[in-house]
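The next block holds one structure in the form of structure tokens; read it before the comments.
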Amino acid sequence: MARFSGQIAIVTGGSGGLGAALCKALVAEGAKVYATAFDQSRAEQNGRTALAAEAGIALEYVDIRQTAELQEWVGSVRRREGRIDMLVNAAGVCPLDDWRDVTETMWDEVFAVNAKAVFFACQAVLGGMIERGSGAIVNVGSVAGFNGGLVTTPAYGASKGAVHTLTKWLAAKAAPSGVRVNAVAPGPFRSAMTDAFTPDMRERLSRNTPDGKIGEPEDVVQSILFLVDSAASGHITGTTLDVCGGLYMR
């Protein structure tokens, strides 16, 4: 039997490279997945192609920056299915602007997606999970939340640091009820974001990463699957798993 057979999962950022790969992996393991897409045109495009064509994946446009919209969507999934077994907050934005060019609008945008939406998505599912006495949440942080980021804007590292701290707070709150909250902290991996890196950025990251390479989405996906799998990680909560080839040491 598939390890997540019959479970209901929600994934924010389901139309991104990591999110789409994760959705497919969860379905392959038996879960039914509801996922958000931040960009409506991308949601519609993916709805006509590979992602939504996968049996068991429902991809919907949701502006997760708008708390009421995000929480209404989560509530609609719960009403439809009766419960939510797992949440993965995979949505994120990562401007590469120089720190001198950071504006208030940019800062607010990064925090709205990377940190605020994480909390309010967790808030929307935790009540039901705590009441049932089971559930798993994984928040996607970043190695930049520990080392500040080698090539990213400071708002990105600061927002991901907030995710790591929030994960610990929520884990402590939920643990007595049997609900686990963890995070992963990826380093750079092959994605639309890293495709935008300049050759100098890539060289700097490779030089500073002990294993000398940029990761693959599957590296992060497998780490998330481990953390949502209570049979494999049932005694793990409040932790952030580094998936970065050792870059956190730099």
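Identifiers in the structure tokens: chain A, B, ... in order shown; residue index from 1 per chain; ligand index from 1 in order shown.
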
Fill in: segment 15-162 of chain A: residues DSSP assigns to strand (DSSP E), reported as an MDAnalysis selection string
chainID A and resid 32:37 57:61 86:89 135:140

Discussion item. As a ChimeraX atom specification, please: every residue in segment 1-245 of chain A that DSSP puts in alpha helix (DSSP H).
Written reply: /A:17-28,40-48,50-53,67-81,104-111,117-132,144-147,154-174,192-195,199-208,217-228,230-233

Surrounding residues of segment 61-68 of chain A excluding itself and chain neighbours under 2 positions, 12 Å, only C-alpha atoms, as an mmCIF file with all heavy atoms, in the first residue's frame:
```
data_model
loop_
_atom_site.group_PDB
_atom_site.id
_atom_site.type_symbol
_atom_site.label_atom_id
_atom_site.label_comp_id
_atom_site.auth_asym_id
_atom_site.auth_seq_id
_atom_site.Cartn_x
_atom_site.Cartn_y
_atom_site.Cartn_z
ATOM 1 N N VAL A 11 -0.795 21.927 -0.707
ATOM 2 C CA VAL A 11 0.535 22.432 -1.046
ATOM 3 C C VAL A 11 0.387 23.840 -1.581
ATOM 4 O O VAL A 11 -0.328 24.067 -2.564
ATOM 5 C CB VAL A 11 1.217 21.550 -2.110
ATOM 6 C CG1 VAL A 11 2.571 22.129 -2.512
ATOM 7 C CG2 VAL A 11 1.368 20.112 -1.608
ATOM 8 N N THR A 12 1.035 24.812 -0.948
ATOM 9 C CA THR A 12 1.078 26.146 -1.539
ATOM 10 C C THR A 12 2.256 26.204 -2.503
ATOM 11 O O THR A 12 3.289 25.568 -2.295
ATOM 12 C CB THR A 12 1.212 27.251 -0.473
ATOM 13 O OG1 THR A 12 2.505 27.170 0.160
ATOM 14 C CG2 THR A 12 0.109 27.145 0.574
ATOM 15 N N GLY A 13 2.086 26.971 -3.582
ATOM 16 C CA GLY A 13 3.152 27.042 -4.579
ATOM 17 C C GLY A 13 3.209 25.807 -5.452
ATOM 18 O O GLY A 13 4.282 25.400 -5.912
ATOM 19 N N GLY A 14 2.047 25.203 -5.723
ATOM 20 C CA GLY A 14 2.025 23.946 -6.451
ATOM 21 C C GLY A 14 2.344 24.039 -7.921
ATOM 22 O O GLY A 14 2.552 23.008 -8.567
ATOM 23 N N SER A 15 2.392 25.256 -8.478
ATOM 24 C CA SER A 15 2.713 25.376 -9.899
ATOM 25 C C SER A 15 4.186 25.666 -10.138
ATOM 26 O O SER A 15 4.641 25.691 -11.278
ATOM 27 C CB SER A 15 1.867 26.480 -10.544
ATOM 28 O OG SER A 15 2.147 27.731 -9.948
ATOM 29 N N TYR A 34 -4.436 19.060 -3.022
ATOM 30 C CA TYR A 34 -4.968 20.359 -3.405
ATOM 31 C C TYR A 34 -3.807 21.346 -3.349
ATOM 32 O O TYR A 34 -3.103 21.427 -2.333
ATOM 33 C CB TYR A 34 -6.074 20.808 -2.448
ATOM 34 C CG TYR A 34 -7.345 20.009 -2.579
ATOM 35 C CD1 TYR A 34 -7.490 18.805 -1.886
ATOM 36 C CD2 TYR A 34 -8.390 20.443 -3.387
ATOM 37 C CE1 TYR A 34 -8.656 18.059 -2.007
ATOM 38 C CE2 TYR A 34 -9.557 19.707 -3.510
ATOM 39 C CZ TYR A 34 -9.680 18.522 -2.814
ATOM 40 O OH TYR A 34 -10.832 17.784 -2.939
ATOM 41 N N ALA A 35 -3.601 22.085 -4.439
ATOM 42 C CA ALA A 35 -2.434 22.959 -4.517
ATOM 43 C C ALA A 35 -2.824 24.342 -5.007
ATOM 44 O O ALA A 35 -3.763 24.498 -5.790
ATOM 45 C CB ALA A 35 -1.385 22.359 -5.456
ATOM 46 N N THR A 36 -2.086 25.344 -4.535
ATOM 47 C CA THR A 36 -2.310 26.707 -4.992
ATOM 48 C C THR A 36 -1.307 27.068 -6.071
ATOM 49 O O THR A 36 -0.174 26.596 -6.091
ATOM 50 C CB THR A 36 -2.157 27.734 -3.851
ATOM 51 O OG1 THR A 36 -0.766 27.864 -3.484
ATOM 52 C CG2 THR A 36 -2.976 27.342 -2.639
ATOM 53 N N ALA A 37 -1.749 27.921 -6.984
ATOM 54 C CA ALA A 37 -0.859 28.566 -7.951
ATOM 55 C C ALA A 37 -1.009 30.061 -7.747
ATOM 56 O O ALA A 37 -2.128 30.575 -7.676
ATOM 57 C CB ALA A 37 -1.224 28.189 -9.378
ATOM 58 N N PHE A 38 0.104 30.748 -7.630
ATOM 59 C CA PHE A 38 0.067 32.179 -7.357
ATOM 60 C C PHE A 38 -0.254 32.986 -8.599
ATOM 61 O O PHE A 38 -0.863 34.047 -8.538
ATOM 62 C CB PHE A 38 1.400 32.620 -6.763
ATOM 63 C CG PHE A 38 1.468 34.079 -6.405
ATOM 64 C CD1 PHE A 38 0.691 34.583 -5.378
ATOM 65 C CD2 PHE A 38 2.298 34.943 -7.092
ATOM 66 C CE1 PHE A 38 0.747 35.925 -5.037
ATOM 67 C CE2 PHE A 38 2.358 36.287 -6.753
ATOM 68 C CZ PHE A 38 1.588 36.778 -5.720
ATOM 69 N N ASP A 39 0.147 32.461 -9.745
ATOM 70 C CA ASP A 39 -0.059 33.149 -11.011
ATOM 71 C C ASP A 39 -1.215 32.502 -11.754
ATOM 72 O O ASP A 39 -1.180 31.314 -12.055
ATOM 73 C CB ASP A 39 1.227 33.081 -11.849
ATOM 74 C CG ASP A 39 1.091 33.803 -13.168
ATOM 75 O OD1 ASP A 39 1.352 35.017 -13.212
ATOM 76 O OD2 ASP A 39 0.708 33.144 -14.151
ATOM 77 N N GLN A 40 -2.257 33.269 -12.058
ATOM 78 C CA GLN A 40 -3.450 32.691 -12.659
ATOM 79 C C GLN A 40 -3.173 32.105 -14.042
ATOM 80 O O GLN A 40 -3.668 31.032 -14.383
ATOM 81 C CB GLN A 40 -4.570 33.721 -12.755
ATOM 82 C CG GLN A 40 -5.907 33.110 -13.174
ATOM 83 C CD GLN A 40 -7.078 34.010 -12.825
ATOM 84 O OE1 GLN A 40 -6.905 35.172 -12.517
ATOM 85 N NE2 GLN A 40 -8.275 33.452 -12.878
ATOM 86 N N SER A 41 -2.358 32.789 -14.843
ATOM 87 C CA SER A 41 -2.077 32.267 -16.178
ATOM 88 C C SER A 41 -1.317 30.956 -16.089
ATOM 89 O O SER A 41 -1.539 30.026 -16.866
ATOM 90 C CB SER A 41 -1.278 33.286 -16.996
ATOM 91 O OG SER A 41 -0.018 33.545 -16.397
ATOM 92 N N ARG A 42 -0.403 30.860 -15.102
ATOM 93 C CA ARG A 42 0.326 29.606 -14.941
ATOM 94 C C ARG A 42 -0.609 28.506 -14.455
ATOM 95 O O ARG A 42 -0.501 27.358 -14.868
ATOM 96 C CB ARG A 42 1.482 29.778 -13.951
ATOM 97 C CG ARG A 42 2.289 28.501 -13.754
ATOM 98 C CD ARG A 42 3.429 28.664 -12.780
ATOM 99 N NE ARG A 42 4.498 29.467 -13.320
ATOM 100 C CZ ARG A 42 5.638 29.702 -12.671
ATOM 101 N NH1 ARG A 42 5.837 29.204 -11.481
ATOM 102 N NH2 ARG A 42 6.574 30.447 -13.224
ATOM 103 N N ALA A 43 -1.543 28.859 -13.570
ATOM 104 C CA ALA A 43 -2.513 27.866 -13.099
ATOM 105 C C ALA A 43 -3.329 27.336 -14.261
ATOM 106 O O ALA A 43 -3.562 26.135 -14.378
ATOM 107 C CB ALA A 43 -3.432 28.486 -12.043
ATOM 108 N N GLU A 44 -3.768 28.235 -15.132
ATOM 109 C CA GLU A 44 -4.565 27.805 -16.273
ATOM 110 C C GLU A 44 -3.733 26.963 -17.237
ATOM 111 O O GLU A 44 -4.198 25.960 -17.779
ATOM 112 C CB GLU A 44 -5.141 29.030 -16.979
ATOM 113 C CG GLU A 44 -6.191 29.751 -16.133
ATOM 114 C CD GLU A 44 -6.583 31.099 -16.703
ATOM 115 O OE1 GLU A 44 -5.925 31.537 -17.673
ATOM 116 O OE2 GLU A 44 -7.526 31.715 -16.178
ATOM 117 N N GLN A 45 -2.482 27.374 -17.449
ATOM 118 C CA GLN A 45 -1.607 26.614 -18.343
ATOM 119 C C GLN A 45 -1.367 25.216 -17.784
ATOM 120 O O GLN A 45 -1.497 24.217 -18.492
ATOM 121 C CB GLN A 45 -0.271 27.336 -18.522
ATOM 122 C CG GLN A 45 0.704 26.580 -19.424
ATOM 123 C CD GLN A 45 2.042 27.295 -19.524
ATOM 124 O OE1 GLN A 45 2.268 28.306 -18.876
ATOM 125 N NE2 GLN A 45 2.929 26.747 -20.316
ATOM 126 N N ASN A 46 -1.012 25.143 -16.496
ATOM 127 C CA ASN A 46 -0.772 23.842 -15.893
ATOM 128 C C ASN A 46 -2.058 23.023 -15.814
ATOM 129 O O ASN A 46 -2.019 21.796 -15.843
ATOM 130 C CB ASN A 46 -0.166 23.999 -14.496
ATOM 131 C CG ASN A 46 1.313 24.336 -14.564
ATOM 132 O OD1 ASN A 46 1.926 24.215 -15.609
ATOM 133 N ND2 ASN A 46 1.877 24.755 -13.456
ATOM 134 N N GLY A 47 -3.183 23.714 -15.699
ATOM 135 C CA GLY A 47 -4.448 23.010 -15.668
ATOM 136 C C GLY A 47 -4.726 22.276 -16.967
ATOM 137 O O GLY A 47 -5.499 21.322 -16.992
ATOM 138 N N ALA A 58 -5.657 18.777 -7.571
ATOM 139 C CA ALA A 58 -6.510 19.913 -7.917
ATOM 140 C C ALA A 58 -5.690 21.185 -7.725
ATOM 141 O O ALA A 58 -5.285 21.513 -6.606
ATOM 142 C CB ALA A 58 -7.747 19.938 -7.012
ATOM 143 N N LEU A 59 -5.405 21.873 -8.819
ATOM 144 C CA LEU A 59 -4.599 23.086 -8.786
ATOM 145 C C LEU A 59 -5.508 24.292 -8.961
ATOM 146 O O LEU A 59 -6.254 24.376 -9.935
ATOM 147 C CB LEU A 59 -3.555 23.048 -9.910
ATOM 148 C CG LEU A 59 -2.604 24.243 -9.995
ATOM 149 C CD1 LEU A 59 -1.660 24.271 -8.806
ATOM 150 C CD2 LEU A 59 -1.808 24.186 -11.297
ATOM 151 N N LEU A 70 -6.670 33.069 1.262
ATOM 152 C CA LEU A 70 -5.934 31.849 1.574
ATOM 153 C C LEU A 70 -6.716 30.972 2.547
ATOM 154 O O LEU A 70 -6.890 29.766 2.330
ATOM 155 C CB LEU A 70 -4.568 32.211 2.173
ATOM 156 C CG LEU A 70 -3.750 31.075 2.790
ATOM 157 C CD1 LEU A 70 -3.415 30.016 1.749
ATOM 158 C CD2 LEU A 70 -2.488 31.628 3.443
ATOM 159 N N GLN A 71 -7.219 31.579 3.616
ATOM 160 C CA GLN A 71 -7.889 30.777 4.627
ATOM 161 C C GLN A 71 -9.247 30.274 4.147
ATOM 162 O O GLN A 71 -9.677 29.183 4.535
ATOM 163 C CB GLN A 71 -7.999 31.563 5.932
ATOM 164 C CG GLN A 71 -6.617 31.849 6.537
ATOM 165 C CD GLN A 71 -6.652 32.200 7.997
ATOM 166 O OE1 GLN A 71 -7.562 32.883 8.472
ATOM 167 N NE2 GLN A 71 -5.649 31.751 8.738
ATOM 168 N N GLU A 72 -9.908 31.015 3.303
ATOM 169 C CA GLU A 72 -11.163 30.536 2.724
ATOM 170 C C GLU A 72 -10.892 29.324 1.836
ATOM 171 O O GLU A 72 -11.665 28.357 1.841
ATOM 172 C CB GLU A 72 -11.840 31.643 1.922
ATOM 173 C CG GLU A 72 -13.032 31.183 1.083
ATOM 174 C CD GLU A 72 -14.116 30.477 1.885
ATOM 175 O OE1 GLU A 72 -14.304 30.804 3.077
ATOM 176 O OE2 GLU A 72 -14.767 29.580 1.312
ATOM 177 N N TRP A 73 -9.807 29.355 1.080
ATOM 178 C CA TRP A 73 -9.461 28.215 0.236
ATOM 179 C C TRP A 73 -9.173 26.981 1.087
ATOM 180 O O TRP A 73 -9.673 25.887 0.800
ATOM 181 C CB TRP A 73 -8.260 28.550 -0.639
ATOM 182 C CG TRP A 73 -7.771 27.373 -1.433
ATOM 183 C CD1 TRP A 73 -8.342 26.832 -2.553
ATOM 184 C CD2 TRP A 73 -6.621 26.571 -1.151
ATOM 185 N NE1 TRP A 73 -7.622 25.741 -2.982
ATOM 186 C CE2 TRP A 73 -6.564 25.571 -2.147
ATOM 187 C CE3 TRP A 73 -5.635 26.615 -0.167
ATOM 188 C CZ2 TRP A 73 -5.552 24.612 -2.167
ATOM 189 C CZ3 TRP A 73 -4.637 25.661 -0.185
ATOM 190 C CH2 TRP A 73 -4.595 24.671 -1.187
ATOM 191 N N VAL A 74 -8.383 27.156 2.154
ATOM 192 C CA VAL A 74 -8.100 26.029 3.044
ATOM 193 C C VAL A 74 -9.406 25.487 3.635
ATOM 194 O O VAL A 74 -9.631 24.271 3.686
ATOM 195 C CB VAL A 74 -7.133 26.437 4.173
ATOM 196 C CG1 VAL A 74 -6.978 25.305 5.188
ATOM 197 C CG2 VAL A 74 -5.770 26.824 3.607
ATOM 198 N N GLY A 75 -10.282 26.400 4.056
ATOM 199 C CA GLY A 75 -11.565 25.982 4.602
ATOM 200 C C GLY A 75 -12.406 25.214 3.594
ATOM 201 O O GLY A 75 -13.100 24.247 3.950
ATOM 202 N N ASN A 89 4.073 24.181 2.894
ATOM 203 C CA ASN A 89 4.173 25.572 2.439
ATOM 204 C C ASN A 89 5.404 25.697 1.548
ATOM 205 O O ASN A 89 6.525 25.894 2.033
ATOM 206 C CB ASN A 89 4.274 26.514 3.638
ATOM 207 C CG ASN A 89 2.936 26.748 4.300
ATOM 208 O OD1 ASN A 89 1.999 27.241 3.674
ATOM 209 N ND2 ASN A 89 2.835 26.382 5.574
ATOM 210 N N ALA A 90 5.185 25.547 0.231
ATOM 211 C CA ALA A 90 6.293 25.557 -0.729
ATOM 212 C C ALA A 90 6.365 26.838 -1.551
ATOM 213 O O ALA A 90 7.299 27.017 -2.333
ATOM 214 C CB ALA A 90 6.186 24.361 -1.667
ATOM 215 N N ALA A 91 5.377 27.724 -1.406
ATOM 216 C CA ALA A 91 5.390 28.967 -2.184
ATOM 217 C C ALA A 91 6.501 29.891 -1.695
ATOM 218 O O ALA A 91 6.793 29.962 -0.501
ATOM 219 C CB ALA A 91 4.036 29.671 -2.064
ATOM 220 N N GLY A 92 7.099 30.606 -2.627
ATOM 221 C CA GLY A 92 8.148 31.544 -2.239
ATOM 222 C C GLY A 92 8.546 32.447 -3.386
ATOM 223 O O GLY A 92 8.377 32.098 -4.556
ATOM 224 N N VAL A 93 9.042 33.618 -3.035
ATOM 225 C CA VAL A 93 9.604 34.545 -4.015
ATOM 226 C C VAL A 93 11.006 34.923 -3.576
ATOM 227 O O VAL A 93 11.294 34.992 -2.378
ATOM 228 C CB VAL A 93 8.730 35.810 -4.181
ATOM 229 C CG1 VAL A 93 7.398 35.463 -4.815
ATOM 230 C CG2 VAL A 93 8.520 36.521 -2.847
ATOM 231 N N ASP A 108 7.937 44.125 1.616
ATOM 232 C CA ASP A 108 6.604 43.678 2.036
ATOM 233 C C ASP A 108 6.118 42.502 1.202
ATOM 234 O O ASP A 108 5.483 41.574 1.721
ATOM 235 C CB ASP A 108 5.609 44.832 1.955
ATOM 236 C CG ASP A 108 5.844 45.892 3.016
ATOM 237 O OD1 ASP A 108 6.604 45.622 3.980
ATOM 238 O OD2 ASP A 108 5.277 46.995 2.882
ATOM 239 N N GLU A 109 6.406 42.515 -0.096
ATOM 240 C CA GLU A 109 5.997 41.430 -0.983
ATOM 241 C C GLU A 109 6.677 40.126 -0.585
ATOM 242 O O GLU A 109 6.036 39.069 -0.507
ATOM 243 C CB GLU A 109 6.348 41.775 -2.431
ATOM 244 C CG GLU A 109 6.204 40.643 -3.424
ATOM 245 C CD GLU A 109 4.758 40.429 -3.868
ATOM 246 O OE1 GLU A 109 3.887 41.221 -3.485
ATOM 247 O OE2 GLU A 109 4.524 39.448 -4.595
ATOM 248 N N VAL A 110 7.972 40.184 -0.335
ATOM 249 C CA VAL A 110 8.715 38.985 0.045
ATOM 250 C C VAL A 110 8.176 38.406 1.347
ATOM 251 O O VAL A 110 7.942 37.195 1.468
ATOM 252 C CB VAL A 110 10.225 39.295 0.159
ATOM 253 C CG1 VAL A 110 10.977 38.121 0.786
ATOM 254 C CG2 VAL A 110 10.810 39.622 -1.208
ATOM 255 N N PHE A 111 7.951 39.254 2.323
ATOM 256 C CA PHE A 111 7.453 38.763 3.613
ATOM 257 C C PHE A 111 6.006 38.282 3.511
ATOM 258 O O PHE A 111 5.612 37.344 4.202
ATOM 259 C CB PHE A 111 7.609 39.833 4.689
ATOM 260 C CG PHE A 111 8.897 39.697 5.444
ATOM 261 C CD1 PHE A 111 10.088 40.159 4.903
ATOM 262 C CD2 PHE A 111 8.940 39.080 6.681
ATOM 263 C CE1 PHE A 111 11.284 40.014 5.581
ATOM 264 C CE2 PHE A 111 10.134 38.919 7.366
ATOM 265 C CZ PHE A 111 11.318 39.394 6.818
ATOM 266 N N ALA A 112 5.217 38.913 2.660
ATOM 267 C CA ALA A 112 3.825 38.486 2.512
ATOM 268 C C ALA A 112 3.734 37.057 2.005
ATOM 269 O O ALA A 112 2.904 36.263 2.468
ATOM 270 C CB ALA A 112 3.076 39.430 1.567
ATOM 271 N N VAL A 113 4.582 36.706 1.037
ATOM 272 C CA VAL A 113 4.556 35.364 0.460
ATOM 273 C C VAL A 113 5.345 34.378 1.310
ATOM 274 O O VAL A 113 4.877 33.272 1.622
ATOM 275 C CB VAL A 113 5.117 35.384 -0.979
ATOM 276 C CG1 VAL A 113 5.205 33.958 -1.545
ATOM 277 C CG2 VAL A 113 4.260 36.266 -1.870
ATOM 278 N N ASN A 114 6.557 34.750 1.700
ATOM 279 C CA ASN A 114 7.482 33.809 2.316
ATOM 280 C C ASN A 114 7.241 33.565 3.796
ATOM 281 O O ASN A 114 7.649 32.521 4.325
ATOM 282 C CB ASN A 114 8.923 34.286 2.137
ATOM 283 C CG ASN A 114 9.389 34.233 0.708
ATOM 284 O OD1 ASN A 114 8.629 33.881 -0.186
ATOM 285 N ND2 ASN A 114 10.633 34.612 0.463
ATOM 286 N N ALA A 115 6.640 34.515 4.490
ATOM 287 C CA ALA A 115 6.480 34.373 5.938
ATOM 288 C C ALA A 115 5.030 34.502 6.392
ATOM 289 O O ALA A 115 4.501 33.621 7.060
ATOM 290 C CB ALA A 115 7.356 35.399 6.664
ATOM 291 N N LYS A 116 4.364 35.592 6.003
ATOM 292 C CA LYS A 116 2.989 35.786 6.470
ATOM 293 C C LYS A 116 2.081 34.664 6.015
ATOM 294 O O LYS A 116 1.305 34.107 6.810
ATOM 295 C CB LYS A 116 2.450 37.133 5.970
ATOM 296 C CG LYS A 116 1.053 37.456 6.511
ATOM 297 C CD LYS A 116 0.516 38.778 5.979
ATOM 298 C CE LYS A 116 -0.037 38.636 4.571
ATOM 299 N NZ LYS A 116 -0.800 39.835 4.144
ATOM 300 N N ALA A 117 2.144 34.298 4.743
ATOM 301 C CA ALA A 117 1.268 33.246 4.224
ATOM 302 C C ALA A 117 1.550 31.904 4.883
ATOM 303 O O ALA A 117 0.636 31.084 5.060
ATOM 304 C CB ALA A 117 1.421 33.130 2.705
ATOM 305 N N VAL A 118 2.799 31.670 5.259
ATOM 306 C CA VAL A 118 3.144 30.423 5.945
ATOM 307 C C VAL A 118 2.395 30.337 7.271
ATOM 308 O O VAL A 118 1.768 29.322 7.593
ATOM 309 C CB VAL A 118 4.664 30.326 6.169
ATOM 310 C CG1 VAL A 118 5.011 29.170 7.103
ATOM 311 C CG2 VAL A 118 5.385 30.149 4.839
ATOM 312 N N PHE A 119 2.446 31.415 8.043
ATOM 313 C CA PHE A 119 1.754 31.390 9.331
ATOM 314 C C PHE A 119 0.250 31.193 9.162
ATOM 315 O O PHE A 119 -0.361 30.361 9.833
ATOM 316 C CB PHE A 119 2.009 32.661 10.137
ATOM 317 C CG PHE A 119 1.132 32.714 11.363
ATOM 318 C CD1 PHE A 119 1.399 31.905 12.449
ATOM 319 C CD2 PHE A 119 0.015 33.536 11.397
ATOM 320 C CE1 PHE A 119 0.575 31.905 13.562
ATOM 321 C CE2 PHE A 119 -0.815 33.555 12.513
ATOM 322 C CZ PHE A 119 -0.536 32.734 13.600
ATOM 323 N N PHE A 120 -0.363 31.950 8.265
ATOM 324 C CA PHE A 120 -1.815 31.890 8.175
ATOM 325 C C PHE A 120 -2.315 30.592 7.544
ATOM 326 O O PHE A 120 -3.422 30.134 7.845
ATOM 327 C CB PHE A 120 -2.362 33.135 7.483
ATOM 328 C CG PHE A 120 -2.324 34.336 8.382
ATOM 329 C CD1 PHE A 120 -1.405 35.356 8.173
ATOM 330 C CD2 PHE A 120 -3.176 34.427 9.468
ATOM 331 C CE1 PHE A 120 -1.352 36.460 9.022
ATOM 332 C CE2 PHE A 120 -3.139 35.519 10.327
ATOM 333 C CZ PHE A 120 -2.224 36.537 10.106
ATOM 334 N N ALA A 121 -1.507 29.968 6.692
ATOM 335 C CA ALA A 121 -1.862 28.633 6.217
ATOM 336 C C ALA A 121 -1.792 27.631 7.366
ATOM 337 O O ALA A 121 -2.682 26.781 7.529
ATOM 338 C CB ALA A 121 -0.943 28.211 5.077
ATOM 339 N N CYS A 122 -0.739 27.735 8.176
ATOM 340 C CA CYS A 122 -0.625 26.862 9.340
ATOM 341 C C CYS A 122 -1.784 27.094 10.305
ATOM 342 O O CYS A 122 -2.377 26.135 10.828
ATOM 343 C CB CYS A 122 0.700 27.103 10.058
ATOM 344 S SG CYS A 122 2.167 26.541 9.162
ATOM 345 N N GLN A 123 -2.104 28.337 10.542
ATOM 346 C CA GLN A 123 -3.209 28.658 11.438
ATOM 347 C C GLN A 123 -4.509 28.023 10.949
ATOM 348 O O GLN A 123 -5.320 27.519 11.725
ATOM 349 C CB GLN A 123 -3.378 30.170 11.538
ATOM 350 C CG GLN A 123 -4.458 30.634 12.516
ATOM 351 C CD GLN A 123 -4.727 32.122 12.402
ATOM 352 O OE1 GLN A 123 -5.194 32.588 11.361
ATOM 353 N NE2 GLN A 123 -4.410 32.866 13.451
ATOM 354 N N ALA A 124 -4.700 28.027 9.638
ATOM 355 C CA ALA A 124 -5.943 27.508 9.057
ATOM 356 C C ALA A 124 -6.083 25.997 9.189
ATOM 357 O O ALA A 124 -7.203 25.486 9.246
ATOM 358 C CB ALA A 124 -6.034 27.909 7.580
#
```

Worksheet item: Which of these, A:Glu29, A:Asp98, A:Asp85, A:Glu69, has the shortest distance to Pro154 of chain A once you count only C-alpha atoms?
Response: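 Going through A:Glu29, A:Asp98, A:Asp85, A:Glu69 one by one, the smallest distance to Pro154 of chain A is for A:Asp98.
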
Worksheet entry | Which residue of A:Ala136, A:Leu22, A:Ile130, A:Ala232 approaches Thr167 of chain A most closely, using only C-alpha atoms |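 Smallest distance to Thr167 of chain A is found for A:Ala136.
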
Worksheet item: Lys173 of chain A: which residues within 12 Å, counting only C-alpha atoms, same-chain residues fewer than 4 positions away excluded, as a PyMOL selection string?
Response: chain A and resi 122-123+126-127+129-130+166-169+177-181+237-238

Selected residues written out, C-alpha atoms, as a compact mmCIF listing (two decimals), in the first residue's frame:
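Contents of again_30.txt, freshly written:
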```
# COMPACT_ATOMS: atom_id res chain seq x y z
CA CYS A 122 -0.62 26.86 9.34
CA GLN A 123 -3.21 28.66 11.44
CA LEU A 126 -3.74 23.42 12.85
CA GLY A 127 -7.07 23.63 14.64
CA MET A 129 -5.23 18.68 13.13
CA ILE A 130 -5.00 19.32 16.87
CA LEU A 166 7.90 30.13 13.31
CA THR A 167 8.28 26.40 12.67
CA LYS A 168 9.73 25.87 16.14
CA TRP A 169 7.00 27.93 17.81
CA SER A 177 -1.67 16.94 20.45
CA GLY A 178 0.34 14.64 18.19
CA VAL A 179 0.78 17.14 15.34
CA ARG A 180 4.27 17.61 13.92
CA VAL A 181 5.67 20.80 12.35
CA THR A 237 9.18 17.88 15.25
CA GLY A 238 10.42 21.45 15.44
```

Discussion item. As an exercise, work out the distance from atom CA of Pro95 of chain A to atom CA of Trp107 of chain A in Å and give it to one decimal place.
Written reply: 9.6 Å

Item to complete: Give the answer as one residue: which of A:Ala158, A:Ser233, A:Thr153, A:Met106 has the shortest atom-to-atom distance to Val138 of chain A, using only C-alpha atoms?
Response: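 Of A:Ala158, A:Ser233, A:Thr153, A:Met106, the one nearest Val138 of chain A, counting only C-alpha atoms, is A:Ser233.
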
Discussion item. Between atom CA of Gly149 of chain A and atom CA of Ile10 of chain A, what is the distance in Å, rounded to a tenth?
Written reply: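 Spanning atom CA of Gly149 of chain A to atom CA of Ile10 of chain A is a straight-line distance of 28.1 Å.
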
Worksheet item: Can you tell me how far atom CA of Gly30 of chain A sits from atom CA of Gly6 of chain A, in Å to one decimal?
Response: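 Between atom CA of Gly30 of chain A and atom CA of Gly6 of chain A the gap works out to 6.3 Å.
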
Worksheet item: Skipping near chain neighbours, those fewer than 4 positions away, what residues fall within 9 Å of segment 31-33 of chain A using only C-alpha atoms, listed as a list of chain:residue names?
Response: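 The residues that qualify are A:Ala2, A:Arg3, A:Phe4, A:Ser5, A:Gly6, A:Gln7, A:Ile8, A:Ala9, A:Ile10, A:Val11, A:Cys23, A:Lys24, A:Ala25, A:Leu26, A:Val27, A:Ala55, A:Gly56, A:Ile57, A:Ala58, A:Leu59.
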
Worksheet entry | Closest of A:Ile214, A:Ala28, A:Leu170, A:Leu227 to Met1 of chain A - atom-to-atom distances counting only C-alpha atoms |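 Of A:Ile214, A:Ala28, A:Leu170, A:Leu227, the one nearest Met1 of chain A, counting only C-alpha atoms, is A:Ala28.
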
Discussion item. Which residue is closest to Asn147 of chain A? Choose from A:Gly161, A:Glu216, A:Arg83, A:Asp97 and count only C-alpha atoms.
Written reply: A:Gly161
